[in-house]
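Shown here: data.csv, CSV, C-alpha atoms.
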```
chain,number,residue,atom,x,y,z
D,1,MET,CA,0.0,0.0,0.0
D,2,ILE,CA,1.6,3.2,-1.2
D,3,LEU,CA,0.4,5.5,1.5
D,4,TRP,CA,1.7,3.2,4.2
D,5,ASP,CA,5.1,2.9,2.4
D,6,LEU,CA,5.4,6.7,2.1
D,7,PHE,CA,4.6,7.1,5.8
D,8,LEU,CA,7.1,4.5,6.9
D,9,THR,CA,9.9,5.7,4.6
D,10,PHE,CA,9.7,9.2,5.8
D,11,LEU,CA,9.3,8.1,9.4
D,12,LYS,CA,12.6,6.2,9.0
D,13,ILE,CA,14.3,9.2,7.4
D,14,GLY,CA,12.8,11.5,10.0
D,15,PHE,CA,14.5,9.6,12.8
D,16,VAL,CA,18.0,10.1,11.3
D,17,SER,CA,17.7,13.6,10.0
D,18,PHE,CA,20.4,15.0,12.2
D,19,GLY,CA,21.6,18.4,11.3
D,20,GLY,CA,18.2,19.4,10.0
D,21,GLY,CA,17.5,19.2,6.3
D,22,TYR,CA,20.0,19.1,3.5
D,23,ALA,CA,21.9,16.0,4.8
D,24,VAL,CA,19.0,13.7,4.2
D,25,ILE,CA,18.6,14.5,0.5
D,26,PRO,CA,20.7,11.6,-0.5
D,27,LEU,CA,18.6,9.3,1.7
D,28,ILE,CA,15.4,10.6,0.2
D,29,GLN,CA,16.8,10.2,-3.2
D,30,HIS,CA,17.9,6.6,-2.5
D,31,ASP,CA,14.5,5.5,-1.3
D,32,VAL,CA,12.6,7.4,-4.0
D,33,SER,CA,14.7,5.7,-6.7
D,34,VAL,CA,14.4,2.2,-5.1
D,35,ASN,CA,10.7,2.6,-4.9
D,36,ARG,CA,10.5,4.2,-8.4
D,37,TRP,CA,8.3,7.0,-7.0
D,38,LEU,CA,9.9,9.6,-9.2
D,39,SER,CA,12.3,9.8,-12.2
D,40,PRO,CA,15.7,11.4,-11.6
D,41,VAL,CA,14.5,14.5,-13.4
D,42,GLU,CA,11.3,14.7,-11.5
D,43,PHE,CA,13.3,14.3,-8.3
D,44,GLN,CA,15.5,17.2,-9.3
D,45,GLU,CA,12.5,19.4,-9.9
D,46,THR,CA,11.0,18.4,-6.6
D,47,ILE,CA,14.1,19.5,-4.7
D,48,SER,CA,14.1,22.8,-6.5
D,49,LEU,CA,10.4,23.4,-5.6
D,50,ALA,CA,11.1,22.3,-2.0
D,51,GLY,CA,14.0,24.7,-1.7
D,52,MET,CA,12.0,27.6,-3.0
D,53,ALA,CA,9.4,27.3,-0.3
D,54,PRO,CA,10.0,28.5,3.2
D,55,GLY,CA,10.6,25.8,5.9
D,56,PRO,CA,12.9,22.8,6.1
D,57,ILE,CA,13.8,21.4,2.7
D,58,ALA,CA,13.6,17.8,3.9
D,59,THR,CA,10.0,18.2,5.2
D,60,ASN,CA,9.1,20.2,2.0
D,61,SER,CA,10.5,17.4,-0.1
D,62,ALA,CA,8.5,14.8,1.8
D,63,THR,CA,5.3,16.8,1.2
D,64,LEU,CA,6.0,17.2,-2.5
D,65,ILE,CA,7.0,13.5,-3.1
D,66,GLY,CA,3.9,12.4,-1.2
D,67,PHE,CA,1.7,14.7,-3.2
D,68,LYS,CA,3.2,13.6,-6.5
D,69,THR,CA,2.9,9.9,-5.8
D,70,ALA,CA,-0.4,9.7,-3.9
D,71,GLY,CA,-2.2,13.0,-3.9
D,72,TYR,CA,-3.3,14.9,-0.8
D,73,MET,CA,-3.3,11.9,1.5
D,74,GLY,CA,0.2,11.1,0.4
D,75,ALA,CA,1.4,14.6,1.1
D,76,ILE,CA,-0.2,14.6,4.6
D,77,LEU,CA,1.2,11.1,5.6
D,78,SER,CA,4.7,11.8,4.2
D,79,THR,CA,4.9,15.1,6.1
D,80,LEU,CA,3.6,13.5,9.3
D,81,GLY,CA,6.2,10.7,8.9
D,82,MET,CA,8.9,13.3,8.7
D,83,ILE,CA,7.9,15.4,11.7
D,84,LEU,CA,6.7,12.7,14.1
D,85,PRO,CA,10.2,11.6,15.1
D,86,SER,CA,11.1,15.3,15.9
D,87,LEU,CA,8.1,15.5,18.1
D,88,LEU,CA,8.7,12.2,19.9
D,89,VAL,CA,12.4,12.8,20.5
D,90,VAL,CA,12.0,16.4,21.7
D,91,VAL,CA,9.2,15.5,24.0
D,92,LEU,CA,11.2,12.6,25.4
D,93,LEU,CA,14.4,14.7,25.9
D,94,THR,CA,12.5,17.5,27.4
D,95,SER,CA,10.5,15.3,29.8
D,96,ILE,CA,13.5,13.5,31.2
D,97,PHE,CA,15.3,16.8,31.1
D,98,ILE,CA,18.8,15.8,30.3
D,99,ARG,CA,21.2,18.7,30.4
D,100,LEU,CA,22.7,18.0,27.0
D,101,GLN,CA,25.1,20.9,26.7
D,102,HIS,CA,27.9,19.3,28.7
D,103,ASN,CA,27.3,15.7,28.0
D,104,LYS,CA,30.6,14.1,26.9
D,105,TRP,CA,29.0,11.2,25.0
D,106,LEU,CA,26.8,13.5,23.0
D,107,LYS,CA,29.7,15.8,22.2
D,108,SER,CA,31.8,12.9,21.1
D,109,SER,CA,29.0,11.5,19.0
D,110,PHE,CA,28.4,14.9,17.3
D,111,TYR,CA,32.1,15.3,16.8
D,112,GLY,CA,31.9,12.3,14.4
D,113,MET,CA,28.5,13.0,13.1
D,114,ARG,CA,29.0,16.6,11.9
D,115,PRO,CA,31.8,15.8,9.3
D,116,ILE,CA,29.5,12.9,8.0
D,117,ILE,CA,26.7,15.4,7.6
D,118,THR,CA,29.1,17.7,5.8
D,119,GLY,CA,30.0,14.8,3.4
D,120,LEU,CA,26.4,14.0,2.8
D,121,ILE,CA,25.5,17.6,2.0
D,122,VAL,CA,28.4,18.0,-0.4
D,123,TYR,CA,27.3,14.8,-2.1
D,124,ALA,CA,23.8,16.1,-2.4
D,125,ALA,CA,24.9,19.3,-4.0
D,126,ILE,CA,27.2,17.7,-6.5
D,127,HIS,CA,24.7,15.0,-7.4
D,128,LEU,CA,21.9,17.5,-7.9
D,129,GLY,CA,24.2,19.9,-9.8
D,130,LEU,CA,25.6,17.4,-12.2
D,131,LEU,CA,22.7,15.1,-12.8
D,132,GLY,CA,22.5,13.5,-16.3
D,133,THR,CA,25.9,14.6,-17.5
D,134,SER,CA,27.3,11.3,-18.5
D,135,GLU,CA,28.3,12.9,-21.8
D,136,ALA,CA,30.3,16.1,-22.2
D,137,LEU,CA,29.2,19.2,-20.4
D,138,SER,CA,25.8,20.1,-21.9
D,139,TRP,CA,24.4,23.6,-22.3
D,140,LYS,CA,22.0,22.9,-19.5
D,141,THR,CA,24.7,21.8,-17.0
D,142,THR,CA,26.9,24.7,-17.9
D,143,GLY,CA,24.1,27.1,-17.3
D,144,THR,CA,23.2,25.5,-14.0
D,145,LEU,CA,26.8,25.7,-12.8
D,146,ALA,CA,27.1,29.3,-13.9
D,147,ILE,CA,23.9,30.3,-12.0
D,148,CYS,CA,25.1,28.2,-9.0
D,149,ALA,CA,28.5,30.0,-9.0
D,150,GLY,CA,26.9,33.4,-9.4
D,151,SER,CA,24.4,32.7,-6.6
D,152,LEU,CA,27.2,31.6,-4.2
D,153,TYR,CA,29.2,34.7,-5.1
D,154,ILE,CA,26.4,37.2,-4.3
D,155,MET,CA,25.4,35.3,-1.2
D,156,LEU,CA,28.9,35.2,0.3
D,157,ARG,CA,30.2,38.5,-1.0
D,158,TYR,CA,27.1,40.7,-0.8
D,159,LYS,CA,25.0,38.8,1.7
D,160,PHE,CA,22.0,38.6,-0.6
D,161,HIS,CA,19.0,37.0,1.0
D,162,PRO,CA,18.3,33.4,-0.3
D,163,PHE,CA,14.8,34.5,-1.5
D,164,THR,CA,16.3,37.3,-3.6
D,165,VAL,CA,18.8,34.9,-5.0
D,166,ILE,CA,16.0,32.4,-6.0
D,167,LEU,CA,14.1,35.2,-7.8
D,168,LEU,CA,17.2,36.4,-9.6
D,169,SER,CA,18.2,32.9,-10.6
D,170,GLY,CA,14.7,32.3,-12.0
D,171,ALA,CA,15.0,35.3,-14.2
D,172,ALA,CA,18.5,34.2,-15.2
D,173,GLY,CA,17.0,30.8,-16.1
D,174,ILE,CA,14.4,32.4,-18.4
D,175,ILE,CA,17.2,34.3,-20.2
D,176,ILE,CA,19.7,31.5,-20.5
D,177,PHE,CA,17.6,28.4,-21.2
S,1,MET,CA,-9.8,19.6,36.0
S,2,ASN,CA,-8.8,23.2,36.4
S,3,GLN,CA,-5.3,22.4,35.3
S,4,ILE,CA,-6.5,20.6,32.2
S,5,ARG,CA,-8.5,23.7,31.3
S,6,LYS,CA,-5.5,25.9,31.9
S,7,LYS,CA,-3.4,23.7,29.6
S,8,ASN,CA,-6.0,23.8,26.9
S,9,GLU,CA,-6.0,27.6,26.9
S,10,TRP,CA,-2.4,27.4,25.7
S,11,LEU,CA,-3.1,25.4,22.6
S,12,LEU,CA,-4.5,28.1,20.3
S,13,PRO,CA,-1.9,30.7,21.2
S,14,LEU,CA,0.9,28.1,20.8
S,15,PHE,CA,-0.5,27.1,17.4
S,16,TRP,CA,-0.9,30.7,16.3
S,17,VAL,CA,2.6,32.0,17.4
S,18,PHE,CA,4.4,29.3,15.5
S,19,PHE,CA,2.0,29.6,12.6
S,20,ARG,CA,3.3,33.1,12.1
S,21,ILE,CA,7.0,32.3,12.8
S,22,GLY,CA,7.0,29.2,10.6
S,23,PRO,CA,6.9,30.7,7.1
S,24,SER,CA,8.9,33.9,8.0
S,25,THR,CA,12.3,32.2,7.4
S,26,PHE,CA,14.0,30.2,4.7
S,27,GLY,CA,15.6,26.8,5.3
S,28,GLY,CA,13.7,26.3,8.6
S,29,GLY,CA,16.8,25.9,10.6
S,30,TYR,CA,18.8,28.1,12.9
S,31,ALA,CA,17.7,31.0,10.8
S,32,MET,CA,14.4,31.1,12.7
S,33,ILE,CA,16.0,31.1,16.2
S,34,PRO,CA,16.3,34.9,16.3
S,35,ALA,CA,12.6,35.1,15.4
S,36,ILE,CA,11.6,32.7,18.2
S,37,GLU,CA,13.8,34.5,20.6
S,38,ARG,CA,12.3,37.9,19.8
S,39,GLU,CA,8.7,36.6,19.9
S,40,LEU,CA,8.8,34.2,22.8
S,41,VAL,CA,11.5,35.6,25.1
S,42,ALA,CA,11.4,39.3,24.6
S,43,ASN,CA,7.7,39.9,23.6
S,44,LYS,CA,5.6,37.2,25.2
S,45,LYS,CA,8.0,36.1,27.9
S,46,TRP,CA,6.8,32.5,27.6
S,47,ILE,CA,10.3,31.2,28.2
S,48,ASP,CA,13.3,32.8,29.9
S,49,GLU,CA,17.0,32.9,28.8
S,50,LYS,CA,17.8,29.7,30.6
S,51,GLU,CA,15.0,27.8,29.0
S,52,LEU,CA,16.1,29.2,25.6
S,53,ALA,CA,19.6,27.7,26.1
S,54,ASP,CA,17.9,24.3,26.9
S,55,MET,CA,15.7,24.7,23.9
S,56,LEU,CA,18.7,25.3,21.6
S,57,SER,CA,20.6,22.3,22.9
S,58,ILE,CA,17.7,20.0,22.6
S,59,ALA,CA,16.5,21.3,19.3
S,60,GLY,CA,20.0,21.0,17.9
S,61,ALA,CA,20.5,17.4,19.1
S,62,ALA,CA,17.2,15.9,18.2
S,63,PRO,CA,16.6,14.8,14.6
S,64,GLY,CA,14.6,17.0,12.3
S,65,GLY,CA,14.4,20.7,11.5
S,66,VAL,CA,15.6,23.0,14.3
S,67,GLY,CA,12.5,25.2,14.0
S,68,VAL,CA,10.1,22.2,14.4
S,69,ASN,CA,12.1,20.9,17.3
S,70,ALA,CA,12.1,24.3,19.0
S,71,ALA,CA,8.3,24.5,18.6
S,72,ALA,CA,7.9,21.0,20.1
S,73,PHE,CA,10.0,22.1,23.1
S,74,VAL,CA,8.1,25.3,23.8
S,75,GLY,CA,4.8,23.6,23.3
S,76,TYR,CA,5.6,20.7,25.6
S,77,ARG,CA,6.9,23.1,28.3
S,78,LYS,CA,3.7,25.1,28.2
S,79,ALA,CA,1.0,22.5,27.8
S,80,GLY,CA,2.4,19.0,27.6
S,81,VAL,CA,2.1,16.6,24.7
S,82,ALA,CA,-1.0,18.4,23.3
S,83,GLY,CA,0.9,21.7,23.5
S,84,ALA,CA,3.8,20.1,21.6
S,85,ILE,CA,1.5,18.9,18.9
S,86,ALA,CA,-0.3,22.2,18.6
S,87,ALA,CA,3.0,24.1,18.3
S,88,VAL,CA,4.4,21.7,15.7
S,89,ALA,CA,1.2,21.8,13.7
S,90,GLY,CA,1.3,25.6,13.7
S,91,MET,CA,4.9,25.5,12.6
S,92,THR,CA,4.3,22.9,9.8
S,93,MET,CA,0.9,23.9,8.4
S,94,PRO,CA,1.8,27.2,6.6
S,95,THR,CA,4.8,25.7,4.8
S,96,PHE,CA,2.8,22.6,4.0
S,97,LEU,CA,0.1,24.7,2.3
S,98,ILE,CA,2.7,26.8,0.5
S,99,VAL,CA,4.4,23.7,-0.8
S,100,ILE,CA,1.1,22.2,-2.0
S,101,CYS,CA,0.2,25.5,-3.7
S,102,LEU,CA,3.6,25.7,-5.4
S,103,SER,CA,3.2,22.2,-6.6
S,104,LEU,CA,-0.3,22.9,-8.1
S,105,ILE,CA,1.0,26.1,-9.8
S,106,TYR,CA,3.9,24.1,-11.2
S,107,LEU,CA,1.6,21.3,-12.4
S,108,PHE,CA,-0.6,24.0,-14.1
S,109,PHE,CA,2.3,25.8,-15.9
S,110,GLN,CA,4.5,22.7,-16.3
S,111,ASP,CA,4.5,22.9,-20.1
S,112,ASN,CA,5.2,26.6,-20.3
S,113,PRO,CA,8.7,26.9,-21.6
S,114,LYS,CA,9.4,30.1,-19.6
S,115,VAL,CA,8.3,28.4,-16.3
S,116,GLU,CA,10.5,25.4,-17.2
S,117,ALA,CA,13.4,27.7,-17.9
S,118,ALA,CA,12.9,29.6,-14.6
S,119,LEU,CA,12.8,26.4,-12.6
S,120,LYS,CA,16.1,25.3,-14.3
S,121,GLY,CA,17.6,28.6,-13.2
S,122,ILE,CA,16.3,28.2,-9.7
S,123,HIS,CA,17.8,24.8,-9.6
S,124,GLY,CA,21.2,26.4,-9.9
S,125,ALA,CA,20.4,28.6,-6.9
S,126,ILE,CA,19.2,25.7,-4.8
S,127,VAL,CA,22.5,23.8,-5.5
S,128,ALA,CA,24.3,27.0,-4.4
S,129,LEU,CA,22.2,27.1,-1.2
S,130,ILE,CA,23.0,23.5,-0.5
S,131,LEU,CA,26.8,24.2,-1.1
S,132,LEU,CA,26.5,27.1,1.3
S,133,ALA,CA,25.0,24.9,3.9
S,134,ALA,CA,27.9,22.4,3.4
S,135,TYR,CA,30.4,25.2,3.8
S,136,ARG,CA,28.8,26.4,7.0
S,137,MET,CA,28.6,22.9,8.3
S,138,ALA,CA,32.2,22.2,7.3
S,139,LYS,CA,33.3,25.3,9.3
S,140,SER,CA,31.8,23.9,12.5
S,141,SER,CA,32.7,20.3,11.9
S,142,ILE,CA,36.1,20.0,10.3
S,143,LEU,CA,38.4,20.6,13.2
S,144,ASP,CA,41.3,18.3,12.8
S,145,ILE,CA,42.8,15.5,10.6
S,146,ALA,CA,40.3,12.9,11.9
S,147,THR,CA,37.2,14.9,11.0
S,148,THR,CA,38.6,15.9,7.6
S,149,ALA,CA,39.2,12.2,6.9
S,150,VAL,CA,35.7,11.2,8.0
S,151,SER,CA,34.1,13.9,5.8
S,152,ILE,CA,36.1,12.8,2.7
S,153,LEU,CA,35.5,9.2,3.4
S,154,THR,CA,31.7,9.8,3.7
S,155,PHE,CA,31.7,11.5,0.3
S,156,LEU,CA,33.7,8.8,-1.4
S,157,LEU,CA,31.6,6.0,0.1
S,158,LEU,CA,28.5,7.7,-1.2
S,159,PHE,CA,29.9,8.4,-4.6
S,160,MET,CA,31.8,5.2,-5.3
S,161,ALA,CA,30.5,2.4,-3.2
S,162,LYS,CA,26.8,3.2,-3.3
S,163,ILE,CA,26.4,2.3,0.3
S,164,HIS,CA,23.0,3.1,1.8
S,165,PRO,CA,23.2,6.6,3.3
S,166,LEU,CA,21.2,5.3,6.2
S,167,ALA,CA,24.0,2.9,7.2
S,168,ILE,CA,26.5,5.8,7.0
S,169,ILE,CA,24.4,8.0,9.3
S,170,ILE,CA,23.7,5.3,11.9
S,171,SER,CA,27.4,4.3,12.0
S,172,GLY,CA,28.1,8.1,12.4
S,173,LEU,CA,26.5,8.0,15.8
S,174,PHE,CA,29.4,5.8,17.0
S,175,VAL,CA,32.3,7.0,14.9
S,176,GLY,CA,32.7,10.1,17.0
S,177,ILE,CA,32.7,8.2,20.3
S,178,LEU,CA,35.3,5.8,18.8
S,179,LEU,CA,37.5,8.6,17.5
S,180,VAL,CA,37.5,10.4,20.8
S,181,LYS,CA,38.3,7.1,22.7
S,182,VAL,CA,41.2,6.3,20.4
S,183,LYS,CA,42.6,9.8,20.6
S,184,GLU,CA,42.4,9.7,24.4
S,185,LEU,CA,44.1,6.3,24.3
S,186,PHE,CA,47.0,7.9,22.6
S,187,GLY,CA,46.9,10.8,25.0
S,188,LEU,CA,45.9,13.3,22.4
S,189,LYS,CA,43.8,16.3,23.4
S,190,VAL,CA,40.4,16.3,21.7
S,191,LYS,CA,38.5,19.4,20.9
S,192,THR,CA,35.0,18.3,20.0
S,193,GLU,CA,33.6,21.7,19.1
S,194,ARG,CA,34.9,24.8,17.5
S,195,THR,CA,35.8,27.3,20.2
S,196,GLY,CA,37.9,29.8,18.3
S,197,THR,CA,37.4,33.5,18.5
S,198,SER,CA,38.0,34.2,14.8
S,199,THR,CA,34.4,33.7,13.8
S,200,PRO,CA,31.7,36.2,14.6
S,201,LYS,CA,29.7,35.5,17.7
S,202,HIS,CA,26.4,34.6,16.1
S,203,GLU,CA,28.0,31.9,14.0
S,204,LEU,CA,29.4,30.4,17.1
S,205,VAL,CA,26.0,30.2,18.7
S,206,TYR,CA,24.2,28.9,15.6
S,207,PRO,CA,26.9,27.0,13.7
S,208,GLU,CA,24.5,25.4,11.2
S,209,TYR,CA,22.8,28.6,10.3
S,210,TYR,CA,21.3,27.6,7.0
S,211,ILE,CA,20.3,24.1,7.9
```
What do you get writing this file as structure tokens?
Amino acid sequence: MILWDLFLTFLKIGFVSFGGGYAVIPLIQHDVSVNRWLSPVEFQETISLAGMAPGPIATNSATLIGFKTAGYMGAILSTLGMILPSLLVVVLLTSIFIRLQHNKWLKSSFYGMRPIITGLIVYAAIHLGLLGTSEALSWKTTGTLAICAGSLYIMLRYKFHPFTVILLSGAAGIIIF
Amino acid sequence: MNQIRKKNEWLLPLFWVFFRIGPSTFGGGYAMIPAIERELVANKKWIDEKELADMLSIAGAAPGGVGVNAAAFVGYRKAGVAGAIAAVAGMTMPTFLIVICLSLIYLFFQDNPKVEAALKGIHGAIVALILLAAYRMAKSSILDIATTAVSILTFLLLFMAKIHPLAIIISGLFVGILLVKVKELFGLKVKTERTGTSTPKHELVYPEYYI
């Protein structure tokens, strides 16, 4: 049953989405391709749409993937799957009230987890940026990379707001492609 | 009975406050902490500075978006499990509706070449945002040779070996503990967090700003 599969998949991903959002993109992508819910190009579009909207990109992606595969119920169940673990873990941690700040085990664990999250995010970016370029650099990939480089530059150098950058890149896309 | 009624009185305000904070930021992560601080600590005085510190450490350690976790924390403190659900629902609902609307708009205009071109352009910006997140994350995570190696190894394993990312994340929970133990065995000093003074203060407090 597809609704149940969606819910369980995002519940599983929700439990390990440490570091917030971007790091679980490879995970979502893996499960989406195994289950054949979306084609690689559709997945790419989904991440773009999810990134455009406010809110965490992982939850937004879950909503969109659920919606595309199984309509409104799919969207609701996927989103629930993604946020239920947050709710459970936070309530548990708050109710037993562990002072986490100075816990050595937690610090050690995050010491190893953070670089892994970094690796996952870099992989997500490169995979999304260079999708479908088994041949030589196509016009589309070159354009994407140019826009990506430009966006990075204005965000780092001039501190442009992400939303402004998204609008500008949309305009650039209409001119280039 | 009285207490139950008192708790229930919290549900709507909790829902509403996070309903307004939710869509006001991008990325949903640490970017919304200043908004929560302003609204809940300064304006409404629902939580104090000490609780804010607890909120940040719990929200950062639990899985999921920091914004959603912060909402769950405040909701639970104010009105128990029902409060946590109300706050998280408030936080999630606006973005959920926005995402569905975007999706419907896109379905409608899908075949319009201009819309398609704009989305391709936006794709470049999203990749840039993800790279930026990686850069910020790297700044707070790559502290020494061991963490550099772990980071590169993760990337290579994903790229070459096609290992399930879930396996990598779960093993990640123990990698750090192992590394720290090994380092201590050799008598090396381990710094598990960035504590330098070269970075601006707000980046020290919210290391994963864009996540």
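Closest to D:Met82 among D:Thr9, D:Thr141, D:Ser169, D:Gln44 is D:Thr9, based on all atoms listed in the file.
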### Task
For each of D:Val91, D:Ile121, D:Met155, D:Leu145, take the minimum atom-to-atom distance to S:Phe73, counting all atoms listed in the file, then give the residue where this is smallest.
D:Val91
### Query
Given the choices S:Ala71, S:Met93, S:Ala87, S:Ile47, which gets closest to D:Leu80 if the distance is worked out from only C-alpha atoms?
S:Met93
#### Entry: Atom-to-atom span, atom CA of D:Ile175 and atom CA of S:Ser103, Å
23.0 Å
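In terms of minimum interatomic distance to chain S, D:Gly55 ranks closest within D:Gly143, D:Gly81, D:Gly71, D:Gly55, counting all atoms listed in the file.
All residues of protein, DNA or RNA that reach within 10 Å of D:Leu92, judged by only C-alpha atoms and not counting those fewer than 3 positions away in the chain, are Ser86, Leu87, Leu88, Val89, Ser95, Ile96, Phe97 and Ile98 of chain D; Ala62, Phe73, Tyr76 and Val81 of chain S.
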Quick one: residues within 10 Å of stretch 62-64 of chain D, all atoms listed in the file counted, chain neighbours fewer than 5 positions away excluded, as a PDB file with C-alpha atoms, in the frame of the given file?
```
ATOM      1  CA  LEU D   6       5.400   6.700   2.100  1.00  0.00           C
ATOM      2  CA  PHE D   7       4.600   7.100   5.800  1.00  0.00           C
ATOM      3  CA  THR D   9       9.900   5.700   4.600  1.00  0.00           C
ATOM      4  CA  PHE D  10       9.700   9.200   5.800  1.00  0.00           C
ATOM      5  CA  ILE D  13      14.300   9.200   7.400  1.00  0.00           C
ATOM      6  CA  GLY D  14      12.800  11.500  10.000  1.00  0.00           C
ATOM      7  CA  ILE D  28      15.400  10.600   0.200  1.00  0.00           C
ATOM      8  CA  PHE D  43      13.300  14.300  -8.300  1.00  0.00           C
ATOM      9  CA  THR D  46      11.000  18.400  -6.600  1.00  0.00           C
ATOM     10  CA  ILE D  47      14.100  19.500  -4.700  1.00  0.00           C
ATOM     11  CA  LEU D  49      10.400  23.400  -5.600  1.00  0.00           C
ATOM     12  CA  ALA D  50      11.100  22.300  -2.000  1.00  0.00           C
ATOM     13  CA  ILE D  57      13.800  21.400   2.700  1.00  0.00           C
ATOM     14  CA  THR D  69       2.900   9.900  -5.800  1.00  0.00           C
ATOM     15  CA  ALA D  70      -0.400   9.700  -3.900  1.00  0.00           C
ATOM     16  CA  GLY D  71      -2.200  13.000  -3.900  1.00  0.00           C
ATOM     17  CA  TYR D  72      -3.300  14.900  -0.800  1.00  0.00           C
ATOM     18  CA  MET D  73      -3.300  11.900   1.500  1.00  0.00           C
ATOM     19  CA  GLY D  74       0.200  11.100   0.400  1.00  0.00           C
ATOM     20  CA  ALA D  75       1.400  14.600   1.100  1.00  0.00           C
ATOM     21  CA  ILE D  76      -0.200  14.600   4.600  1.00  0.00           C
ATOM     22  CA  LEU D  77       1.200  11.100   5.600  1.00  0.00           C
ATOM     23  CA  SER D  78       4.700  11.800   4.200  1.00  0.00           C
ATOM     24  CA  THR D  79       4.900  15.100   6.100  1.00  0.00           C
ATOM     25  CA  LEU D  80       3.600  13.500   9.300  1.00  0.00           C
ATOM     26  CA  GLY D  81       6.200  10.700   8.900  1.00  0.00           C
ATOM     27  CA  MET D  82       8.900  13.300   8.700  1.00  0.00           C
ATOM     28  CA  ILE D  83       7.900  15.400  11.700  1.00  0.00           C
TER      29      ILE D  83
ATOM     30  CA  THR S  95       4.800  25.700   4.800  1.00  0.00           C
ATOM     31  CA  PHE S  96       2.800  22.600   4.000  1.00  0.00           C
ATOM     32  CA  LEU S  97       0.100  24.700   2.300  1.00  0.00           C
ATOM     33  CA  VAL S  99       4.400  23.700  -0.800  1.00  0.00           C
ATOM     34  CA  ILE S 100       1.100  22.200  -2.000  1.00  0.00           C
ATOM     35  CA  LEU S 102       3.600  25.700  -5.400  1.00  0.00           C
ATOM     36  CA  SER S 103       3.200  22.200  -6.600  1.00  0.00           C
TER      37      SER S 103
END
```
### Summary
For S:Ala35, the closest of S:Ala117, S:Ile105, S:Ala70, S:Leu12 counting all atoms listed in the file is S:Ala70
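Closest approach to chain S among D:Trp4, D:Trp139, D:Phe15, D:Tyr153 is made by D:Phe15 (distances from only C-alpha atoms).
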#### Entry: d(atom CA of S:Ile126, atom CA of S:Thr154) in Å
21.9 Å
Which neighbours of S:Ala146 fall inside 10 Å, counting only C-alpha atoms, when residues of the same chain fewer than 6 positions from it are skipped, and could you give them as a CSV table (one decimal) with C-alpha atoms, in the coordinates of the input?
```
chain,number,residue,atom,x,y,z
D,111,TYR,CA,32.1,15.3,16.8
D,112,GLY,CA,31.9,12.3,14.4
D,115,PRO,CA,31.8,15.8,9.3
S,176,GLY,CA,32.7,10.1,17.0
S,179,LEU,CA,37.5,8.6,17.5
S,180,VAL,CA,37.5,10.4,20.8
S,183,LYS,CA,42.6,9.8,20.6
```
